[in-house]
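Student: Got my_file_35.txt for you, compact mmCIF, C-alpha atoms:
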```
# COMPACT_ATOMS: atom_id res chain seq x y z
CA MET A 1 165.85 102.64 104.89
CA LYS A 2 165.90 102.97 108.67
CA VAL A 3 164.26 100.10 110.44
CA SER A 4 166.05 100.34 113.75
CA TRP A 5 163.00 101.71 115.52
CA LEU A 6 160.85 98.71 114.52
CA PRO A 7 160.55 95.48 116.51
CA VAL A 8 163.05 92.78 115.71
CA SER A 9 160.55 90.58 113.86
CA LEU A 10 159.37 93.37 111.54
CA ARG A 11 162.93 94.66 111.11
CA GLU A 12 164.17 91.33 109.73
CA THR A 13 161.16 90.99 107.45
CA LEU A 14 161.78 94.41 105.92
CA GLN A 15 165.45 93.61 105.44
CA CYS A 16 164.48 90.51 103.49
CA ALA A 17 162.24 92.54 101.20
CA CYS A 18 164.49 95.58 100.66
CA SER A 19 168.07 94.34 100.88
CA PRO A 20 169.84 93.77 97.49
CA ARG A 21 171.97 91.01 98.88
CA PRO A 22 170.49 87.64 99.82
CA VAL A 23 169.53 87.35 103.44
CA MET A 24 169.10 84.08 105.24
CA PHE A 25 165.53 83.83 106.39
CA ASN A 26 164.85 81.56 109.32
CA ARG A 27 161.43 80.02 108.55
CA GLN A 28 161.15 78.41 111.96
CA ARG A 29 161.81 81.73 113.65
CA ALA A 30 159.30 83.55 111.50
CA PHE A 31 156.50 81.17 112.39
CA ASN A 32 157.31 81.09 116.07
CA ILE A 33 156.86 84.83 116.55
CA GLN A 34 154.83 85.51 119.66
CA PRO A 35 152.41 88.48 119.64
CA ARG A 36 153.58 91.29 121.87
CA GLN A 37 151.18 93.29 124.04
CA PHE A 38 151.71 97.02 123.79
CA THR A 39 151.01 98.61 127.14
CA THR A 40 151.58 101.99 128.71
CA THR A 41 152.82 102.83 132.12
CA SER A 42 150.48 104.06 134.83
CA ARG A 43 152.08 107.53 134.71
CA LEU A 44 151.55 107.87 130.96
CA ARG A 45 148.02 106.46 131.20
CA ALA A 46 147.11 108.98 133.89
CA GLY A 47 148.33 111.83 131.68
CA ILE A 48 146.25 110.93 128.59
CA ALA A 49 143.10 109.35 130.02
CA ALA A 50 140.53 109.87 132.74
CA PRO A 51 141.28 108.47 136.18
CA GLU A 52 140.36 104.89 136.80
CA ILE A 53 137.12 104.02 138.57
CA ASP A 54 137.70 102.93 142.11
CA PHE A 55 135.82 99.64 142.64
CA GLY A 56 135.75 98.63 146.26
CA GLY A 57 137.84 101.51 147.63
CA ARG A 58 141.12 100.48 146.03
CA GLY A 59 142.31 104.10 145.94
CA ALA A 60 141.80 104.56 149.67
CA ARG A 61 143.58 101.31 150.38
CA ASP A 62 146.54 102.38 148.24
CA GLY A 63 146.70 105.69 150.13
CA GLN A 64 146.83 103.89 153.44
CA GLU A 65 149.62 101.61 152.23
CA GLY A 66 151.80 104.55 151.26
CA GLY A 67 154.97 102.67 152.13
CA ALA A 68 154.13 99.44 150.23
CA ASN A 69 156.74 98.16 147.83
CA ARG A 70 156.58 98.45 144.05
CA ARG A 71 155.74 94.81 143.47
CA ASN A 72 152.59 94.94 145.60
CA GLN A 73 151.38 98.01 143.69
CA GLU A 74 151.89 96.28 140.36
CA ASP A 75 149.98 93.27 141.61
CA GLU A 76 147.08 95.51 142.60
CA GLU A 77 147.08 97.11 139.15
CA ASP A 78 147.12 93.75 137.44
CA LYS A 79 144.01 92.58 139.30
CA THR A 80 140.99 92.79 137.02
CA PHE A 81 137.51 93.64 138.32
CA TYR A 82 134.90 91.82 136.26
CA ALA A 83 131.56 93.64 136.28
CA ARG A 84 128.35 93.14 134.28
CA ILE A 85 125.44 95.56 134.13
CA VAL A 86 122.30 93.69 135.10
CA PRO A 87 119.02 95.27 133.89
CA THR A 88 116.34 95.85 136.49
CA SER A 89 113.61 94.28 134.36
CA PRO A 90 113.74 90.60 133.32
CA SER A 91 111.98 91.65 130.09
CA TYR A 92 114.73 94.08 129.12
CA PHE A 93 115.90 92.03 126.15
CA THR A 94 112.42 91.43 124.74
CA ALA A 95 110.96 93.42 121.86
CA GLN A 96 108.49 95.27 124.12
CA PRO A 97 109.84 95.26 127.68
CA LEU A 98 107.40 97.76 129.22
CA PHE A 99 104.35 96.00 127.80
CA THR A 100 105.69 92.63 128.92
CA ASP A 101 106.26 93.95 132.44
CA ASP A 102 102.71 95.31 132.62
CA LEU A 103 101.27 92.03 131.39
CA LEU A 104 103.31 89.99 133.89
CA VAL A 105 102.24 92.21 136.79
CA LEU A 106 98.56 91.81 135.91
CA GLN A 107 98.93 88.06 135.41
CA ASN A 108 100.53 87.72 138.85
CA LEU A 109 97.69 89.71 140.44
CA LEU A 110 95.12 87.52 138.70
CA ALA A 111 96.87 84.34 139.86
CA ARG A 112 96.98 85.57 143.47
CA TYR A 113 93.41 86.88 143.77
CA SER A 114 91.50 84.64 141.35
CA GLY A 115 89.85 82.88 144.29
CA LEU A 116 88.11 85.98 145.68
CA PRO A 117 84.31 86.24 145.33
CA THR A 118 83.07 88.04 142.23
CA VAL A 119 79.90 89.82 141.17
CA LYS A 120 77.83 89.26 138.05
CA SER A 121 78.70 91.08 134.89
CA ALA A 122 75.41 93.00 134.95
CA GLU A 123 75.97 94.18 138.53
CA ARG A 124 79.56 95.35 138.22
CA GLN A 125 80.44 98.95 137.49
CA ARG A 126 81.17 99.68 133.85
CA VAL A 127 84.66 101.09 133.37
CA ALA A 128 86.13 102.80 130.33
CA TRP A 129 89.71 101.59 129.92
CA ARG A 130 92.46 103.54 128.23
CA ALA A 131 92.45 103.28 124.45
CA LEU A 132 95.28 101.61 122.56
CA PRO A 133 96.72 104.87 121.10
CA GLU A 134 96.84 106.39 124.59
CA TYR A 135 98.61 103.30 125.96
CA ARG A 136 101.13 103.39 123.11
CA ASP A 137 101.95 107.02 123.89
CA ALA A 138 102.41 106.25 127.59
CA VAL A 139 104.64 103.22 126.99
CA GLY A 140 106.44 104.41 123.88
CA GLU A 141 106.12 101.05 122.14
CA THR A 142 104.10 99.92 119.12
CA VAL A 143 101.83 97.43 120.85
CA ARG A 144 99.46 95.45 118.66
CA ALA A 145 95.73 95.46 119.32
CA THR A 146 95.68 91.70 119.86
CA LYS A 147 98.31 91.97 122.59
CA TYR A 148 96.58 94.89 124.29
CA GLN A 149 93.39 92.83 124.39
CA LYS A 150 95.17 90.46 126.78
CA ILE A 151 95.61 93.32 129.24
CA ILE A 152 91.98 94.41 128.82
CA ALA A 153 90.74 90.86 129.44
CA ILE A 154 92.70 90.62 132.71
CA LEU A 155 91.48 94.06 133.80
CA GLN A 156 87.86 93.10 133.21
CA ARG A 157 88.36 89.91 135.24
CA LEU A 158 89.96 91.81 138.13
CA ASN A 159 87.16 94.37 137.99
CA GLN A 160 84.66 91.58 138.76
CA ILE A 161 86.07 91.11 142.28
CA HIS A 162 83.55 92.09 144.94
CA PRO A 163 84.03 95.77 145.89
CA SER A 164 84.13 95.01 149.62
CA LEU A 165 87.01 92.52 149.13
CA MET A 166 88.99 94.44 146.53
CA PRO A 167 92.73 94.46 147.50
CA GLU A 168 94.57 97.77 147.45
CA GLU A 169 97.18 96.65 144.93
CA VAL A 170 94.47 95.46 142.55
CA GLU A 171 92.62 98.77 142.91
CA LYS A 172 95.87 100.63 142.26
CA ALA A 173 96.55 98.54 139.14
CA LEU A 174 93.02 99.16 137.82
CA SER A 175 93.28 102.90 138.40
CA GLU A 176 96.36 103.07 136.16
CA TYR A 177 94.34 101.85 133.17
CA ARG A 178 91.09 103.74 133.78
CA ARG A 179 90.29 106.76 131.68
CA ASP A 180 90.07 110.11 133.43
CA ILE A 181 86.50 110.59 132.21
CA ASN A 182 84.01 107.72 132.35
CA PRO A 183 81.63 108.07 129.39
CA TYR A 184 79.22 105.56 130.94
CA GLN A 185 78.40 108.06 133.68
CA ASN A 186 77.30 110.73 131.24
CA VAL A 187 73.66 111.66 131.49
CA ALA A 188 71.79 112.82 128.42
CA LYS A 189 70.55 116.39 128.63
CA VAL A 190 66.77 116.48 128.56
CA THR A 191 65.23 119.09 126.29
CA PRO A 192 62.81 121.12 128.41
CA VAL A 193 59.30 122.19 127.51
CA ASN A 194 58.59 125.80 128.52
CA SER A 195 55.52 127.11 130.26
CA MET A 196 53.70 127.66 126.94
CA GLY A 197 54.21 124.02 125.89
CA VAL A 198 56.91 124.76 123.29
CA ALA A 199 60.01 122.54 122.88
CA LEU A 200 63.12 123.63 120.98
CA GLY A 201 65.26 121.21 118.98
CA ALA A 202 68.43 121.83 116.95
CA GLY A 203 69.90 119.82 114.11
CA ARG A 204 72.76 119.97 111.60
CA ARG A 205 73.52 118.33 108.27
CA LYS A 206 76.50 119.12 106.02
CA ARG A 207 76.77 122.92 106.20
CA SER A 208 73.14 123.49 107.21
CA THR A 209 71.84 124.39 110.66
CA ALA A 210 68.19 124.25 111.73
CA ARG A 211 66.14 125.08 114.80
CA ALA A 212 62.58 123.83 115.24
CA TRP A 213 59.95 124.87 117.79
CA VAL A 214 57.32 122.16 118.23
CA VAL A 215 54.01 122.75 120.02
CA GLU A 216 50.77 120.81 120.15
CA GLY A 217 48.43 121.86 117.32
CA THR A 218 46.80 120.78 114.09
CA GLY A 219 49.81 119.96 111.88
CA GLU A 220 50.83 123.38 110.49
CA VAL A 221 54.44 123.75 109.33
CA LEU A 222 56.34 126.99 108.64
CA VAL A 223 60.00 127.08 107.55
CA ASN A 224 61.63 130.52 107.46
CA GLY A 225 58.16 132.06 107.39
CA LYS A 226 57.10 130.00 104.36
CA THR A 227 54.87 127.02 103.99
CA LEU A 228 56.35 123.62 103.33
CA VAL A 229 55.47 123.76 99.64
CA GLU A 230 56.99 127.23 99.18
CA ALA A 231 60.20 126.44 101.09
CA PHE A 232 61.01 123.11 99.36
CA GLY A 233 60.27 122.29 95.78
CA ARG A 234 61.18 118.59 95.95
CA VAL A 235 58.70 116.19 97.47
CA HIS A 236 61.52 114.22 99.10
CA ASP A 237 62.69 117.33 100.99
CA ARG A 238 59.16 118.04 102.21
CA GLU A 239 58.84 114.51 103.54
CA SER A 240 62.22 114.80 105.26
CA VAL A 241 61.07 117.82 107.28
CA ILE A 242 58.03 116.05 108.77
CA TRP A 243 59.54 112.52 108.76
CA ALA A 244 59.72 112.39 112.58
CA LEU A 245 55.99 113.12 112.84
CA LYS A 246 55.11 110.76 110.03
CA ALA A 247 57.09 107.84 111.48
CA THR A 248 55.23 108.16 114.80
CA ASN A 249 51.78 109.03 113.40
CA ARG A 250 51.81 112.53 114.92
CA ILE A 251 51.40 114.67 111.78
CA ASP A 252 48.08 116.23 112.83
CA LYS A 253 48.96 116.64 116.53
CA TYR A 254 51.86 119.15 116.49
CA ASN A 255 52.67 122.44 114.83
CA ILE A 256 56.22 123.26 113.67
CA TRP A 257 57.88 126.64 113.27
CA ALA A 258 61.47 126.35 112.06
CA LEU A 259 64.46 128.41 110.95
CA ALA A 260 67.09 126.90 108.62
CA THR A 261 70.31 128.52 107.43
CA GLY A 262 73.33 127.54 105.37
CA GLY A 263 73.84 124.83 102.81
CA GLY A 264 71.30 123.78 100.23
CA THR A 265 67.71 122.66 100.34
CA THR A 266 68.53 118.99 100.92
CA GLY A 267 70.90 119.80 103.76
CA GLN A 268 68.35 122.10 105.41
CA ALA A 269 65.59 119.51 105.07
CA GLU A 270 67.68 116.77 106.70
CA ALA A 271 68.83 119.16 109.43
CA LEU A 272 65.14 119.86 110.17
CA THR A 273 64.54 116.11 110.46
CA LEU A 274 66.93 115.93 113.41
CA ALA A 275 65.66 119.17 114.95
CA VAL A 276 61.99 118.09 114.84
CA GLY A 277 62.88 114.67 116.22
CA LYS A 278 64.67 116.15 119.26
CA ALA A 279 61.82 118.55 119.97
CA LEU A 280 59.30 115.72 119.71
CA LEU A 281 61.30 113.69 122.25
CA ALA A 282 60.85 116.52 124.76
CA HIS A 283 57.07 116.12 124.49
CA GLU A 284 56.99 112.31 124.41
CA PRO A 285 60.22 110.61 125.63
CA ALA A 286 58.64 107.17 125.10
CA LEU A 287 58.92 107.66 121.34
CA LYS A 288 62.72 107.40 121.38
CA PRO A 289 62.93 103.75 120.15
CA ALA A 290 60.60 104.50 117.25
CA LEU A 291 62.43 107.70 116.35
CA ARG A 292 65.79 105.92 116.52
CA ARG A 293 64.59 103.22 114.15
CA ALA A 294 63.39 105.94 111.80
CA GLY A 295 66.80 107.68 111.91
CA CYS A 296 65.53 110.91 113.51
CA VAL A 297 67.81 110.89 116.57
CA THR A 298 71.36 110.32 115.24
CA ARG A 299 73.31 113.08 113.53
CA ASP A 300 74.46 112.16 110.01
CA PRO A 301 78.24 112.89 109.94
CA ARG A 302 78.70 112.49 106.19
CA ARG A 303 80.07 115.49 104.34
CA VAL A 304 81.10 116.31 100.79
CA GLU A 305 84.49 114.83 100.04
CA ARG A 306 87.08 117.40 99.07
CA LYS A 307 88.57 117.69 95.61
CA LYS A 308 92.09 116.33 95.24
CA PRO A 309 94.90 117.82 93.16
CA GLY A 310 95.19 116.12 89.81
CA HIS A 311 91.56 114.93 89.97
CA VAL A 312 88.56 116.42 88.20
CA LYS A 313 86.47 115.99 91.36
CA ALA A 314 86.90 114.10 94.62
CA ARG A 315 87.36 110.73 92.90
CA LYS A 316 87.06 111.37 89.17
CA MET A 317 90.31 111.30 87.23
CA PRO A 318 90.89 112.91 83.83
CA ALA A 319 90.66 110.63 80.82
CA TRP A 320 93.90 108.82 80.12
CA VAL A 321 95.36 109.58 76.70
CA LYS A 322 98.17 107.46 75.35
CA ARG A 323 99.62 110.18 73.10
```
Can you dump the structure from the file as structure tokens?

Tutor:
Amino acid sequence: MKVSWLPVSLRETLQCACSPRPVMFNRQRAFNIQPRQFTTTSRLRAGIAAPEIDFGGRGARDGQEGGANRRNQEDEEDKTFYARIVPTSPSYFTAQPLFTDDLLVLQNLLARYSGLPTVKSAERQRVAWRALPEYRDAVGETVRATKYQKIIAILQRLNQIHPSLMPEEVEKALSEYRRDINPYQNVAKVTPVNSMGVALGAGRRKRSTARAWVVEGTGEVLVNGKTLVEAFGRVHDRESVIWALKATNRIDKYNIWALATGGGTTGQAEALTLAVGKALLAHEPALKPALRRAGCVTRDPRRVERKKPGHVKARKMPAWVKR
């Protein structure tokens, strides 16, 4: 076995293990073996690896010293440049660095401008802040609702500063969290009453759609050209059609002519409830609180729940049989 190419320490160890004749093993020498550092020359390193990074213009300095001796060059190569990448944000090593930075910025603004005069809560402008899902998408972090409430609380406090004394950096910070569309500035569309005194209202329920024309009269009701009794067989459905008039004691003061399509009788009757209520609001806007309490203003969003695979219906499961 050839061991001449191995280091001296490994060569003697292999001779002890493989040689048939006894070999004197120096225990003291074996335990005093010093680890050797395997290095490559600069010429070999330049041939197999990328060029070294020049920190501080070492390459230019070496070019200028073209006639320097070999020892000085080796000393330059032996010098080690210790560098550590420092993150720009102090919150880099936290679980949510971007959220933490935003919170610290707002807290610093609040600490600096907390002494400015404020306005009352009723007098300040209502602002719609960005929702939590939108903030999560912008930041890219799963921020909890309780943590995001801290940001919202600071924003509401900064928004109370008097508009004439609002600093630019505070206004800039508030604008980053405002929604593009302010729902508090939306104005409800008023249903008009035409020249003949007729108001049109529309309503929907499940798959049914209804339109109702309401005009002052004696209390006549026609649905799809039929009377209320002919159009709806159930008493509950008949009461649903005129519920807006009944809740406000206006049954004998208005006439109703309506068209209802789609769905079943119950869906059409409840769609007419909303349609008649909207048309009645066009005639008498002061009845809105009473109609809201009666449930004639808000659209009912409930729909039939879909059937699931493996179920008999939406929720019902087939009977369990052991065998």

Student: What's around Glu134 in chain A at 12 Å? Count only C-alpha atoms, leave out sequence neighbours fewer than 6 positions away in its own chain, and write the answer as a PDB file with C-alpha atoms, in the coordinates of the input.

Tutor:
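Dumped to selection35.pdb:
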```
ATOM      1  CA  GLY A 140     106.440 104.410 123.880  1.00  0.00           C
ATOM      2  CA  GLU A 141     106.120 101.050 122.140  1.00  0.00           C
ATOM      3  CA  THR A 142     104.100  99.920 119.120  1.00  0.00           C
ATOM      4  CA  VAL A 143     101.830  97.430 120.850  1.00  0.00           C
ATOM      5  CA  TYR A 148      96.580  94.890 124.290  1.00  0.00           C
ATOM      6  CA  TYR A 177      94.340 101.850 133.170  1.00  0.00           C
ATOM      7  CA  ARG A 178      91.090 103.740 133.780  1.00  0.00           C
ATOM      8  CA  ARG A 179      90.290 106.760 131.680  1.00  0.00           C
ATOM      9  CA  ASP A 180      90.070 110.110 133.430  1.00  0.00           C
TER      10      ASP A 180
END
```

Student: Find the distance between CA of Pro97 in chain A and CA of Ala131 in chain A and write it in Å to one decimal.

Tutor: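 For CA of Pro97 in chain A relative to CA of Ala131 in chain A, the distance reads 19.4 Å.
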
Student: Would you list the contacts of range 254-268 of chain A as a VMD selection string, taking every protein, DNA or RNA residue within 7 Å and counting only C-alpha atoms, but skipping same-chain residues closer than 4 positions in sequence?

Tutor: chain A and resid 205 to 224 232 237 250 272

Student: Near range 182-195 of chain A, counting only C-alpha atoms, which residues have an atom at most 9 Å away, once you skip same-chain residues fewer than 4 positions from it, shown as a list in words?

Tutor: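 Using only C-alpha atoms, the neighbours found are Arg126, Val127, Ala128, Trp129, Arg178, Ala199, Leu200, Gly201, Lys278, Ala279, Leu281, Ala282 and His283 of chain A.
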
Student: One decimal, in Å: what's the spacing between CA of Cys296 in chain A and CA of Thr273 in chain A?

Tutor: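 CA of Thr273 in chain A lies at a distance of 6.1 Å from CA of Cys296 in chain A.
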
Student: Using Å and a single decimal, report how far CA of Ala269 in chain A sits from CA of Glu239 in chain A.

Tutor: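 Going from CA of Glu239 in chain A over to CA of Ala269 in chain A, I get 8.5 Å.
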
Student: Ranking A:Ala122, A:Leu116, A:Leu228, A:Ala145 by minimum distance to Pro163 in chain A and counting only C-alpha atoms, which one comes first?

Tutor: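 Using only C-alpha atoms, Pro163 in chain A sits closest to A:Leu116.
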
Student: Of the candidates A:Glu230, A:Lys316, A:Ala138, A:Val241, which shows the shortest atom-to-atom distance to Leu98 in chain A, using all atoms listed in the file?

Tutor: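 Nearest candidate to Leu98 in chain A out of A:Glu230, A:Lys316, A:Ala138, A:Val241: A:Ala138.
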
Student: How close does each residue of range 147-216 of chain A get to range 107-113 of chain A, giving the shortest atom pair and distance in Å to one decimal for every residue with an atom at most 8 Å away, counting only C-alpha atoms, sorted by chain and residue number, as a tab-separated table?

Tutor:
```
residue	atom	partner	partner_atom	distance
A:Ile154	CA	A:Leu110	CA	7.2
A:Arg157	CA	A:Leu110	CA	8.0
A:Leu158	CA	A:Leu110	CA	6.7
A:Val170	CA	A:Leu109	CA	6.9
```

Student: Please give the centre and size of the box around range 149-165 of chain A (axis-aligned, containing every atom listed in the file, 5 Å added per side), with values in Å to one decimal and written as AutoDock Vina command-line options.

Tutor:
```
--center_x 89.6 --center_y 92.8 --center_z 137.0 --size_x 22.1 --size_y 15.9 --size_z 35.2
```

Student: Using only C-alpha atoms, which of the listed residues (A:Leu106, A:Gly197, A:Thr118, A:Pro90) sits closest to Ser164 in chain A?

Tutor: A:Thr118

Student: Skipping near chain neighbours, those fewer than 5 positions away, what residues fall within 8 Å of range 285-289 of chain A using all atoms listed in the file, listed as a tab-separated table (two decimals) with C-alpha atoms, in the frame of the given file?

Tutor:
```tsv
chain	number	residue	atom	x	y	z
A	248	THR	CA	55.23	108.16	114.80
A	280	LEU	CA	59.30	115.72	119.71
A	297	VAL	CA	67.81	110.89	116.57
```

Student: Got a sec to write range 304-314 of chain A of the block to a file, all heavy atoms, as a PDB file, in the first residue's frame?

Tutor:
```pdb
ATOM      1  N   VAL A 304     -80.722  30.769  -0.473  1.00  0.00           N
ATOM      2  CA  VAL A 304     -80.781  29.338  -0.208  1.00  0.00           C
ATOM      3  C   VAL A 304     -79.365  28.779  -0.229  1.00  0.00           C
ATOM      4  O   VAL A 304     -78.586  29.042  -1.150  1.00  0.00           O
ATOM      5  CB  VAL A 304     -81.660  28.634  -1.262  1.00  0.00           C
ATOM      6  CG1 VAL A 304     -81.677  27.133  -1.025  1.00  0.00           C
ATOM      7  CG2 VAL A 304     -83.071  29.191  -1.214  1.00  0.00           C
ATOM      8  N   GLU A 305     -79.035  28.029   0.798  1.00  0.00           N
ATOM      9  CA  GLU A 305     -77.699  27.446   0.882  1.00  0.00           C
ATOM     10  C   GLU A 305     -77.579  26.287  -0.101  1.00  0.00           C
ATOM     11  O   GLU A 305     -78.513  25.485  -0.249  1.00  0.00           O
ATOM     12  CB  GLU A 305     -77.447  26.955   2.312  1.00  0.00           C
ATOM     13  CG  GLU A 305     -76.017  26.520   2.561  1.00  0.00           C
ATOM     14  CD  GLU A 305     -75.775  26.181   4.008  1.00  0.00           C
ATOM     15  OE1 GLU A 305     -76.662  26.453   4.834  1.00  0.00           O
ATOM     16  OE2 GLU A 305     -74.699  25.627   4.315  1.00  0.00           O
ATOM     17  N   ARG A 306     -76.464  26.208  -0.762  1.00  0.00           N
ATOM     18  CA  ARG A 306     -76.279  25.204  -1.800  1.00  0.00           C
ATOM     19  C   ARG A 306     -76.139  23.807  -1.201  1.00  0.00           C
ATOM     20  O   ARG A 306     -75.734  23.622  -0.047  1.00  0.00           O
ATOM     21  CB  ARG A 306     -75.036  25.522  -2.627  1.00  0.00           C
ATOM     22  CG  ARG A 306     -73.731  25.398  -1.875  1.00  0.00           C
ATOM     23  CD  ARG A 306     -72.552  25.511  -2.800  1.00  0.00           C
ATOM     24  NE  ARG A 306     -72.435  24.345  -3.634  1.00  0.00           N
ATOM     25  CZ  ARG A 306     -71.547  23.384  -3.470  1.00  0.00           C
ATOM     26  NH1 ARG A 306     -70.679  23.483  -2.478  1.00  0.00           N
ATOM     27  NH2 ARG A 306     -71.493  22.363  -4.277  1.00  0.00           N
ATOM     28  N   LYS A 307     -76.481  22.826  -2.018  1.00  0.00           N
ATOM     29  CA  LYS A 307     -76.311  21.426  -1.625  1.00  0.00           C
ATOM     30  C   LYS A 307     -74.835  21.044  -1.716  1.00  0.00           C
ATOM     31  O   LYS A 307     -74.143  21.476  -2.633  1.00  0.00           O
ATOM     32  CB  LYS A 307     -77.144  20.527  -2.539  1.00  0.00           C
ATOM     33  CG  LYS A 307     -77.022  19.038  -2.223  1.00  0.00           C
ATOM     34  CD  LYS A 307     -77.725  18.209  -3.257  1.00  0.00           C
ATOM     35  CE  LYS A 307     -77.559  16.713  -2.955  1.00  0.00           C
ATOM     36  NZ  LYS A 307     -76.154  16.294  -2.916  1.00  0.00           N
ATOM     37  N   LYS A 308     -74.384  20.251  -0.763  1.00  0.00           N
ATOM     38  CA  LYS A 308     -72.990  19.813  -0.741  1.00  0.00           C
ATOM     39  C   LYS A 308     -72.886  18.365  -1.206  1.00  0.00           C
ATOM     40  O   LYS A 308     -73.817  17.578  -1.018  1.00  0.00           O
ATOM     41  CB  LYS A 308     -72.400  19.922   0.667  1.00  0.00           C
ATOM     42  CG  LYS A 308     -71.970  21.318   1.067  1.00  0.00           C
ATOM     43  CD  LYS A 308     -73.109  22.132   1.523  1.00  0.00           C
ATOM     44  CE  LYS A 308     -72.682  23.477   2.064  1.00  0.00           C
ATOM     45  NZ  LYS A 308     -73.840  24.262   2.548  1.00  0.00           N
ATOM     46  N   PRO A 309     -71.759  18.008  -1.806  1.00  0.00           N
ATOM     47  CA  PRO A 309     -71.560  16.600  -2.191  1.00  0.00           C
ATOM     48  C   PRO A 309     -71.479  15.700  -0.970  1.00  0.00           C
ATOM     49  O   PRO A 309     -70.819  16.028   0.020  1.00  0.00           O
ATOM     50  CB  PRO A 309     -70.238  16.627  -2.963  1.00  0.00           C
ATOM     51  CG  PRO A 309     -69.559  17.882  -2.521  1.00  0.00           C
ATOM     52  CD  PRO A 309     -70.635  18.853  -2.223  1.00  0.00           C
ATOM     53  N   GLY A 310     -72.162  14.571  -1.059  1.00  0.00           N
ATOM     54  CA  GLY A 310     -72.209  13.661   0.073  1.00  0.00           C
ATOM     55  C   GLY A 310     -73.329  13.940   1.048  1.00  0.00           C
ATOM     56  O   GLY A 310     -73.538  13.170   1.987  1.00  0.00           O
ATOM     57  N   HIS A 311     -74.046  15.075   0.865  1.00  0.00           N
ATOM     58  CA  HIS A 311     -75.173  15.432   1.717  1.00  0.00           C
ATOM     59  C   HIS A 311     -76.470  15.223   0.940  1.00  0.00           C
ATOM     60  O   HIS A 311     -76.508  15.325  -0.290  1.00  0.00           O
ATOM     61  CB  HIS A 311     -75.077  16.878   2.174  1.00  0.00           C
ATOM     62  CG  HIS A 311     -73.953  17.128   3.112  1.00  0.00           C
ATOM     63  ND1 HIS A 311     -74.030  18.063   4.131  1.00  0.00           N
ATOM     64  CD2 HIS A 311     -72.712  16.591   3.215  1.00  0.00           C
ATOM     65  CE1 HIS A 311     -72.894  18.085   4.797  1.00  0.00           C
ATOM     66  NE2 HIS A 311     -72.070  17.189   4.250  1.00  0.00           N
ATOM     67  N   VAL A 312     -77.549  14.978   1.687  1.00  0.00           N
ATOM     68  CA  VAL A 312     -78.860  14.878   1.050  1.00  0.00           C
ATOM     69  C   VAL A 312     -79.337  16.247   0.601  1.00  0.00           C
ATOM     70  O   VAL A 312     -79.865  16.423  -0.504  1.00  0.00           O
ATOM     71  CB  VAL A 312     -79.871  14.235   2.016  1.00  0.00           C
ATOM     72  CG1 VAL A 312     -81.249  14.156   1.382  1.00  0.00           C
ATOM     73  CG2 VAL A 312     -79.404  12.843   2.413  1.00  0.00           C
ATOM     74  N   LYS A 313     -79.127  17.248   1.476  1.00  0.00           N
ATOM     75  CA  LYS A 313     -79.451  18.648   1.153  1.00  0.00           C
ATOM     76  C   LYS A 313     -78.257  19.503   1.573  1.00  0.00           C
ATOM     77  O   LYS A 313     -77.126  19.015   1.562  1.00  0.00           O
ATOM     78  CB  LYS A 313     -80.740  19.063   1.867  1.00  0.00           C
ATOM     79  CG  LYS A 313     -81.980  18.290   1.413  1.00  0.00           C
ATOM     80  CD  LYS A 313     -83.255  18.899   1.949  1.00  0.00           C
ATOM     81  CE  LYS A 313     -83.314  18.804   3.460  1.00  0.00           C
ATOM     82  NZ  LYS A 313     -84.619  19.313   3.972  1.00  0.00           N
ATOM     83  N   ALA A 314     -78.532  20.758   1.915  1.00  0.00           N
ATOM     84  CA  ALA A 314     -77.434  21.644   2.298  1.00  0.00           C
ATOM     85  C   ALA A 314     -76.746  21.168   3.573  1.00  0.00           C
ATOM     86  O   ALA A 314     -75.514  21.186   3.668  1.00  0.00           O
ATOM     87  CB  ALA A 314     -77.955  23.073   2.473  1.00  0.00           C
TER      88      ALA A 314
END
```
